[in-house]
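> Following this message is one structure expressed as structure tokens.
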Amino acid sequence: MSLSGSGSGSGSVSADDLHGQWEWDSTACDCASQHKEIIHLAWIECDIMNLSIKRLTNCGRILSFGFFEQKAKFMDITHDAIECTVDCSLCNKNNQCLTFDYCVSGKRYRCGQYKKQYEPKKVVYPKDMKSKTQTLEDLERIFVEIKPRSSIYNMYSNNCKHFAVAFWRLFSQRIFGQKKAREPT
């Protein structure tokens with residue numbers, strides 16, 4: 001599976017890349033994903049605007065007497081993504097970070113991570129997984145399988161949070177055998 005984007009970055013920078021301080025991992029190996037064992041998987045969130053704008057936005061949400069709060073389901077305005085760290089058993093390159101997320105331009109799967117993020121919403125380590133070793137190939141299958149709610153990104157009804165919930169739910173079903181994830185939809 002090929003990764004979207006390039007190490008040098010091209011085109012415009014998205015708000016989450018800017019305020020979440022996106023950092024490309026240009027040292028990631030090119031080995032096949034079945035050789036990359038998951039050593040850490042996290043559901044993370046980062047800011048999509050600077051702190052001053054965020055404060056103004058939150059004031060506007062309060063002044064709207066709950067209308068926008070209800071539309072936003074009383075959630076903070078942040079960007080959610082699934083981040084994993086892998087070790088390659090073929091070339092022995094360790095601690096490679098990859099991120100799966102969804103934005104206005106569509107689903108993304110990139111080498112790198114958001115350096116400025118909040119505490120992870122959920123975290124899984126290999127010891128938490130019930131049976132066999134999980135590889136990057138397993139996550140790539142989930143990424144391909146996840147479909148956005150509609151073809152158009154929508155801040156309220158088809159966004160990064162919906163993508164992260166769907167990703168985590170499918171991962172939980174496959175790895176832990178859970179019928180339903182416990183995360184909000």
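By order in the structure tokens, chains are A, B, ...; within a chain, residues start at 1; ligands start at 1, following the order shown.
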Skip A:Gly112 itself and residues of its chain fewer than 2 positions away, then list as a list in words all residues within 10 Å of it, counting only C-alpha atoms.

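Neighbouring residues, sequence-local ones excluded: Gly7, Trp22, Glu23, Trp24, Asp25, Ser26, Thr27, Ala28, Glu83, Cys84, Thr85, Gln96, Cys97, Leu98, Thr99, Phe100, Tyr109, Arg110, Tyr114 and Lys115 of chain A.
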
> Write out the residues from the selection above, keeping N, CA and C atoms, as a short mmCIF file (atom, residue, chain, number, x, y, z; two decimals), in the first residue's frame.


data_model
loop_
_atom_site.label_atom_id
_atom_site.label_comp_id
_atom_site.auth_asym_id
_atom_site.auth_seq_id
_atom_site.Cartn_x
_atom_site.Cartn_y
_atom_site.Cartn_z
N GLY A 7 7.59 13.08 1.74
CA GLY A 7 8.40 13.53 2.86
C GLY A 7 8.67 15.02 2.84
N TRP A 22 2.51 18.77 12.66
CA TRP A 22 2.79 17.54 11.92
C TRP A 22 4.27 17.43 11.61
N GLU A 23 4.83 16.23 11.81
CA GLU A 23 6.23 15.98 11.51
C GLU A 23 6.33 14.71 10.67
N TRP A 24 6.82 14.86 9.45
CA TRP A 24 7.01 13.71 8.56
C TRP A 24 8.12 12.82 9.10
N ASP A 25 7.99 11.51 8.91
CA ASP A 25 9.05 10.57 9.26
C ASP A 25 9.68 10.13 7.94
N SER A 26 10.71 10.84 7.54
CA SER A 26 11.37 10.53 6.26
C SER A 26 12.33 9.36 6.37
N THR A 27 12.50 8.81 7.57
CA THR A 27 13.43 7.70 7.76
C THR A 27 12.73 6.34 7.76
N ALA A 28 11.41 6.33 7.55
CA ALA A 28 10.67 5.06 7.57
C ALA A 28 11.18 4.14 6.46
N GLU A 83 -2.84 6.74 15.44
CA GLU A 83 -1.39 6.78 15.29
C GLU A 83 -0.81 5.45 15.74
N CYS A 84 0.11 4.91 14.95
CA CYS A 84 0.75 3.66 15.37
C CYS A 84 2.26 3.76 15.23
N THR A 85 2.92 2.99 16.07
CA THR A 85 4.37 2.87 16.02
C THR A 85 4.67 1.42 15.71
N GLN A 96 9.01 3.36 14.00
CA GLN A 96 8.50 4.10 12.86
C GLN A 96 7.06 4.50 13.16
N CYS A 97 6.75 5.78 12.99
CA CYS A 97 5.42 6.27 13.33
C CYS A 97 4.60 6.51 12.06
N LEU A 98 3.36 6.02 12.07
CA LEU A 98 2.44 6.21 10.94
C LEU A 98 1.10 6.70 11.49
N THR A 99 0.39 7.48 10.69
CA THR A 99 -0.88 8.06 11.13
C THR A 99 -1.95 7.86 10.08
N PHE A 100 -3.14 7.45 10.55
CA PHE A 100 -4.32 7.27 9.72
C PHE A 100 -5.33 8.34 10.15
N TYR A 109 -3.10 8.37 5.01
CA TYR A 109 -2.26 7.36 5.67
C TYR A 109 -0.84 7.83 5.39
N ARG A 110 -0.16 8.33 6.43
CA ARG A 110 1.13 9.00 6.23
C ARG A 110 2.17 8.54 7.24
N TYR A 114 1.68 13.75 14.75
CA TYR A 114 1.41 15.08 15.29
C TYR A 114 2.23 15.21 16.56
N LYS A 115 3.11 16.19 16.62
CA LYS A 115 3.99 16.36 17.79
C LYS A 115 3.28 17.07 18.94
#

> If we count only C-alpha atoms and set the cut-off at 10 Å, which residues sit around A:Tyr118, ignoring sequence neighbours fewer than 6 positions away in its own chain? Please answer as a ChimeraX atom specification.

/A:20,44-47,78

> Nearest to A:Leu170: which of A:Leu41, A:Arg108, A:Ile146, A:Cys88 is it, counting only C-alpha atoms?

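Closest candidate: A:Ile146.
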
> For A:Glu140, list every protein, DNA or RNA residue within 9 Å, evaluated using only C-alpha atoms, and leave out those in the same chain fewer than 4 positions away; present the list as a PyMOL selection string.

chain A and resi 1+33+109+135-136+144-145

> Selected residues, N, CA, C and O atoms, written as a PDB file, in the first residue's frame, please.


ATOM      1  N   MET A   1       0.852  -1.166   0.000  1.00  0.00           N
ATOM      2  CA  MET A   1       0.000   0.000   0.000  1.00  0.00           C
ATOM      3  C   MET A   1       0.894   1.223   0.000  1.00  0.00           C
ATOM      4  O   MET A   1       1.845   1.304   0.750  1.00  0.00           O
ATOM      5  N   SER A  33       4.468  -4.160   4.557  1.00  0.00           N
ATOM      6  CA  SER A  33       3.780  -3.928   5.833  1.00  0.00           C
ATOM      7  C   SER A  33       3.597  -5.182   6.685  1.00  0.00           C
ATOM      8  O   SER A  33       3.448  -5.077   7.898  1.00  0.00           O
ATOM      9  N   TYR A 109      -3.104   8.367   5.013  1.00  0.00           N
ATOM     10  CA  TYR A 109      -2.258   7.363   5.666  1.00  0.00           C
ATOM     11  C   TYR A 109      -0.843   7.835   5.394  1.00  0.00           C
ATOM     12  O   TYR A 109      -0.385   7.806   4.255  1.00  0.00           O
ATOM     13  N   THR A 135       0.193  -6.666  12.690  1.00  0.00           N
ATOM     14  CA  THR A 135       1.119  -5.958  11.814  1.00  0.00           C
ATOM     15  C   THR A 135       0.452  -4.743  11.198  1.00  0.00           C
ATOM     16  O   THR A 135      -0.766  -4.579  11.259  1.00  0.00           O
ATOM     17  N   LEU A 136       1.277  -3.932  10.575  1.00  0.00           N
ATOM     18  CA  LEU A 136       0.778  -2.763   9.865  1.00  0.00           C
ATOM     19  C   LEU A 136      -0.196  -3.185   8.767  1.00  0.00           C
ATOM     20  O   LEU A 136      -1.157  -2.479   8.482  1.00  0.00           O
ATOM     21  N   VAL A 144      -8.500   0.623   4.502  1.00  0.00           N
ATOM     22  CA  VAL A 144      -9.148   0.463   3.198  1.00  0.00           C
ATOM     23  C   VAL A 144     -10.644   0.203   3.372  1.00  0.00           C
ATOM     24  O   VAL A 144     -11.468   0.722   2.617  1.00  0.00           O
ATOM     25  N   GLU A 145     -10.983  -0.555   4.389  1.00  0.00           N
ATOM     26  CA  GLU A 145     -12.381  -0.933   4.627  1.00  0.00           C
ATOM     27  C   GLU A 145     -13.254   0.216   5.120  1.00  0.00           C
ATOM     28  O   GLU A 145     -14.445   0.272   4.826  1.00  0.00           O
TER      29      GLU A 145
END

> Could you work out how far atom CA of A:Tyr153 lies from atom CA of A:Val104, giving the answer in Å with one decimal?

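It comes out at 5.4 Å.
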
> Which neighbours of A:Asn94 fall inside 10 Å, counting only C-alpha atoms, when residues of the same chain fewer than 4 positions from it are skipped, and could you give them as a list of chain:residue names?

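Those residues are A:Ala28, A:Cys29, A:Lys36, A:Glu37, A:Ile39, A:Thr85, A:Val86, A:Asp87, A:Cys88, A:Ser89.
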
> So that I have them on file, write out the residues from the current selection with C-alpha atoms, as a PDB file, in the first residue's frame.


ATOM      1  CA  ALA A  28      10.668   5.061   7.567  1.00  0.00           C
ATOM      2  CA  CYS A  29      11.742   1.889   5.779  1.00  0.00           C
ATOM      3  CA  LYS A  36       6.084  -4.233  10.518  1.00  0.00           C
ATOM      4  CA  GLU A  37       4.854  -5.282  13.959  1.00  0.00           C
ATOM      5  CA  ILE A  39       4.249  -1.888  19.185  1.00  0.00           C
ATOM      6  CA  THR A  85       4.374   2.873  16.016  1.00  0.00           C
ATOM      7  CA  VAL A  86       5.895  -0.160  14.331  1.00  0.00           C
ATOM      8  CA  ASP A  87       9.134  -2.141  14.349  1.00  0.00           C
ATOM      9  CA  CYS A  88      10.299  -3.793  11.133  1.00  0.00           C
ATOM     10  CA  SER A  89      11.448  -7.394  11.498  1.00  0.00           C
TER      11      SER A  89
END

> Just to confirm, what's the straight-line distance from atom CA of A:His40 to atom CA of A:Gly106 in Å (one decimal)?

24.4 Å
